[in-house]
There are 2 protein chains.
Amino acid sequence: MTNLDSAFQTLADPTRRAILARLIQGEATVDEIRKPFAISQPSISRHLKVLEKAELITTRIEGTSRPRRIEPAAFAATDGWLKQYHAIWKANYARLDDVLDQLRQEEDTP
Amino acid sequence: MTNLDSAFQTLADPTRRAILARLIQGEATVDEIRKPFAISQPSISRHLKVLEKAELITTRIEGTSRPRRIEPAAFAATDGWLKQYHAIWKANYARLDDVLDQLRQEEDTP
């Protein structure tokens with residue numbers, strides 16, 4: 001499984017996306033992350049493990065506390081893939097514009 | 001499963017991403033799509049079914065031919081989600097800049 005596979009796979013879960021949305025506001029402990037969710041701590045911990053394995057988050061050790069934070073570099077892969085898609089898409093539109101311009105010119109010169 | 005769930009889930013497979021990369025160049029039949037891959041037609045058909053169920057592609061009926069094409073609207077969901085992430089990320093950086101500016105000003109006025 002490549003980074004891109006595991007990143008997209010990990011983002012396919014709404015709880016994990018919600019955890020990321022929470023962590024984007026700053027690092028947080030498991031208890032802080034868990035608060036807005038109506039799910040158990042083992043369940044949150046499982047999601048955090050998946051997020052960490054996909055390298056979308058990292059754990060910092062601070063005494064007995066283990067705050068989690070977003071790993072921005074991890075989003076480079078998914079973002080890069082979607083950007084490449086946009087570049088090709090824009091190029092297609094530009095080509096369409098050229099064709100339309102040509103059709104207009106042909107109409108003007110019967 | 002929401003659109004966002006199934007879109008990310010579908011993008012987590014390298015063959016499906018490669019099929020999308022092919023279709024971005026224009027619509028293609030199953031045989032045309034299959035050519036660059038060393039996999040069977042039933043396997044390609046299964047991937048196409050997943051892509052269609054996630055509404056990332058659509059099928060056009062043309063006589064006995066069934067060309068597939070990209071459904072650009074489907075990418076709006078994944079793109080919107082990642083964009084939201086970027087907006088928050090940029091806001092975080094702007095806030096950091098403000099803090100740094102303030103620290104600099106405090107240093108200048110002892």
# chains A, B, ... in the order shown; residues from 1 in each chain; ligands from 1
>>> calpha_fit_and_write(fixed="chain A", moving="chain B", output="mmCIF file with C-alpha atoms, in the first residue's frame")
data_model
loop_
_atom_site.group_PDB
_atom_site.id
_atom_site.type_symbol
_atom_site.label_atom_id
_atom_site.label_comp_id
_atom_site.auth_asym_id
_atom_site.auth_seq_id
_atom_site.Cartn_x
_atom_site.Cartn_y
_atom_site.Cartn_z
ATOM 1 C CA MET B 1 -0.073 0.164 -0.102
ATOM 2 C CA THR B 2 1.392 3.549 -1.152
ATOM 3 C CA ASN B 3 1.086 6.746 0.901
ATOM 4 C CA LEU B 4 -1.633 7.949 -1.453
ATOM 5 C CA ASP B 5 -3.629 4.718 -1.003
ATOM 6 C CA SER B 6 -3.486 4.860 2.788
ATOM 7 C CA ALA B 7 -4.116 8.618 2.934
ATOM 8 C CA PHE B 8 -7.322 8.391 0.826
ATOM 9 C CA GLN B 9 -8.360 5.213 2.681
ATOM 10 C CA THR B 10 -7.917 6.973 6.017
ATOM 11 C CA LEU B 11 -9.855 10.060 4.876
ATOM 12 C CA ALA B 12 -12.814 7.840 3.868
ATOM 13 C CA ASP B 13 -14.028 7.679 7.492
ATOM 14 C CA PRO B 14 -16.142 10.565 8.892
ATOM 15 C CA THR B 15 -14.835 10.174 12.482
ATOM 16 C CA ARG B 16 -11.238 10.343 11.280
ATOM 17 C CA ARG B 17 -12.021 13.452 9.188
ATOM 18 C CA ALA B 18 -13.644 15.007 12.291
ATOM 19 C CA ILE B 19 -10.545 14.179 14.385
ATOM 20 C CA LEU B 20 -8.359 15.899 11.765
ATOM 21 C CA ALA B 21 -10.694 18.928 11.801
ATOM 22 C CA ARG B 22 -10.199 19.088 15.590
ATOM 23 C CA LEU B 23 -6.401 18.754 15.334
ATOM 24 C CA ILE B 24 -6.158 21.477 12.702
ATOM 25 C CA GLN B 25 -7.039 23.888 15.536
ATOM 26 C CA GLY B 26 -3.980 22.754 17.468
ATOM 27 C CA GLU B 27 -2.522 19.654 19.116
ATOM 28 C CA ALA B 28 -4.731 17.769 21.599
ATOM 29 C CA THR B 29 -4.608 14.805 23.967
ATOM 30 C CA VAL B 30 -6.746 11.680 23.451
ATOM 31 C CA ASP B 31 -9.211 12.904 26.124
ATOM 32 C CA GLU B 32 -9.516 16.318 24.457
ATOM 33 C CA ILE B 33 -9.972 14.707 21.038
ATOM 34 C CA ARG B 34 -12.550 12.269 22.400
ATOM 35 C CA LYS B 35 -14.811 14.895 24.078
ATOM 36 C CA PRO B 36 -17.151 15.834 21.170
ATOM 37 C CA PHE B 37 -17.620 12.186 20.103
ATOM 38 C CA ALA B 38 -20.142 9.739 21.555
ATOM 39 C CA ILE B 39 -17.680 6.852 21.215
ATOM 40 C CA SER B 40 -15.407 4.940 23.591
ATOM 41 C CA GLN B 41 -11.743 5.689 24.243
ATOM 42 C CA PRO B 42 -10.555 2.378 22.679
ATOM 43 C CA SER B 43 -12.494 3.298 19.534
ATOM 44 C CA ILE B 44 -10.905 6.783 19.377
ATOM 45 C CA SER B 45 -7.489 5.208 20.029
ATOM 46 C CA ARG B 46 -8.025 2.832 17.104
ATOM 47 C CA HIS B 47 -8.840 5.776 14.808
ATOM 48 C CA LEU B 48 -5.749 7.643 16.045
ATOM 49 C CA LYS B 49 -3.631 4.570 15.290
ATOM 50 C CA VAL B 50 -4.952 4.479 11.702
ATOM 51 C CA LEU B 51 -4.298 8.231 11.298
ATOM 52 C CA GLU B 52 -0.764 7.806 12.645
ATOM 53 C CA LYS B 53 -0.032 4.796 10.423
ATOM 54 C CA ALA B 54 -1.123 6.857 7.380
ATOM 55 C CA GLU B 55 1.271 9.552 8.705
ATOM 56 C CA LEU B 56 -1.534 12.136 8.771
ATOM 57 C CA ILE B 57 -0.833 12.816 12.477
ATOM 58 C CA THR B 58 2.128 12.425 14.854
ATOM 59 C CA THR B 59 2.373 11.879 18.625
ATOM 60 C CA ARG B 60 4.478 14.074 20.885
ATOM 61 C CA ILE B 61 5.661 12.781 24.281
ATOM 62 C CA GLU B 62 5.270 15.296 27.102
ATOM 63 C CA GLY B 63 5.669 13.691 30.545
ATOM 64 C CA THR B 64 2.743 11.271 30.894
ATOM 65 C CA SER B 65 0.787 13.105 28.166
ATOM 66 C CA ARG B 66 0.760 12.096 24.458
ATOM 67 C CA PRO B 67 -0.642 15.037 22.499
ATOM 68 C CA ARG B 68 -1.405 14.417 18.824
ATOM 69 C CA ARG B 69 -0.843 16.916 16.036
ATOM 70 C CA ILE B 70 -1.515 17.181 12.298
ATOM 71 C CA GLU B 71 1.375 16.233 10.002
ATOM 72 C CA PRO B 72 0.948 18.788 7.176
ATOM 73 C CA ALA B 73 3.472 17.034 4.878
ATOM 74 C CA ALA B 74 1.138 14.030 4.681
ATOM 75 C CA PHE B 75 -1.526 16.050 2.904
ATOM 76 C CA ALA B 76 0.949 16.894 0.134
ATOM 77 C CA ALA B 77 0.292 13.500 -1.516
ATOM 78 C CA THR B 78 -3.524 13.735 -1.734
ATOM 79 C CA ASP B 79 -3.319 17.406 -2.581
ATOM 80 C CA GLY B 80 -0.730 16.812 -5.304
ATOM 81 C CA TRP B 81 -2.902 14.151 -6.874
ATOM 82 C CA LEU B 82 -6.037 16.334 -6.903
ATOM 83 C CA LYS B 83 -4.037 19.341 -8.180
ATOM 84 C CA GLN B 84 -2.685 17.310 -11.100
ATOM 85 C CA TYR B 85 -6.300 16.497 -11.904
ATOM 86 C CA HIS B 86 -7.212 20.196 -11.843
ATOM 87 C CA ALA B 87 -4.288 21.125 -14.099
ATOM 88 C CA ILE B 88 -5.413 18.598 -16.730
ATOM 89 C CA TRP B 89 -9.011 19.709 -16.337
ATOM 90 C CA LYS B 90 -8.098 23.368 -16.877
ATOM 91 C CA ALA B 91 -5.984 22.416 -19.927
ATOM 92 C CA ASN B 92 -9.055 20.646 -21.356
ATOM 93 C CA TYR B 93 -11.120 23.794 -20.913
ATOM 94 C CA ALA B 94 -8.391 25.942 -22.538
ATOM 95 C CA ARG B 95 -8.343 23.536 -25.508
ATOM 96 C CA LEU B 96 -12.151 23.812 -25.743
ATOM 97 C CA ASP B 97 -11.822 27.621 -25.749
ATOM 98 C CA ASP B 98 -9.320 27.375 -28.639
ATOM 99 C CA VAL B 99 -11.726 25.185 -30.627
ATOM 100 C CA LEU B 100 -14.604 27.612 -29.999
ATOM 101 C CA ASP B 101 -12.425 30.572 -31.053
ATOM 102 C CA GLN B 102 -11.499 28.741 -34.249
ATOM 103 C CA LEU B 103 -15.162 27.938 -35.003
ATOM 104 C CA ARG B 104 -16.062 31.617 -34.471
ATOM 105 C CA GLN B 105 -13.290 32.751 -36.840
ATOM 106 C CA GLU B 106 -14.417 30.241 -39.482
ATOM 107 C CA GLU B 107 -17.971 31.595 -39.166
ATOM 108 C CA ASP B 108 -16.690 35.166 -39.669
ATOM 109 C CA THR B 109 -14.840 34.209 -42.913
ATOM 110 C CA PRO B 110 -17.300 32.249 -45.091
#
>>> select_by_dssp(residues="chain B", states="alpha helix (DSSP H)", output="VMD selection string")
chain B and resid 3 to 11 14 to 23 30 to 34 41 to 53 75 to 108
>>> select_by_dssp(residues="chain B", states="strand (DSSP E or B)", output="VMD selection string")
chain B and resid 28 57 to 59 62 65 68 to 70
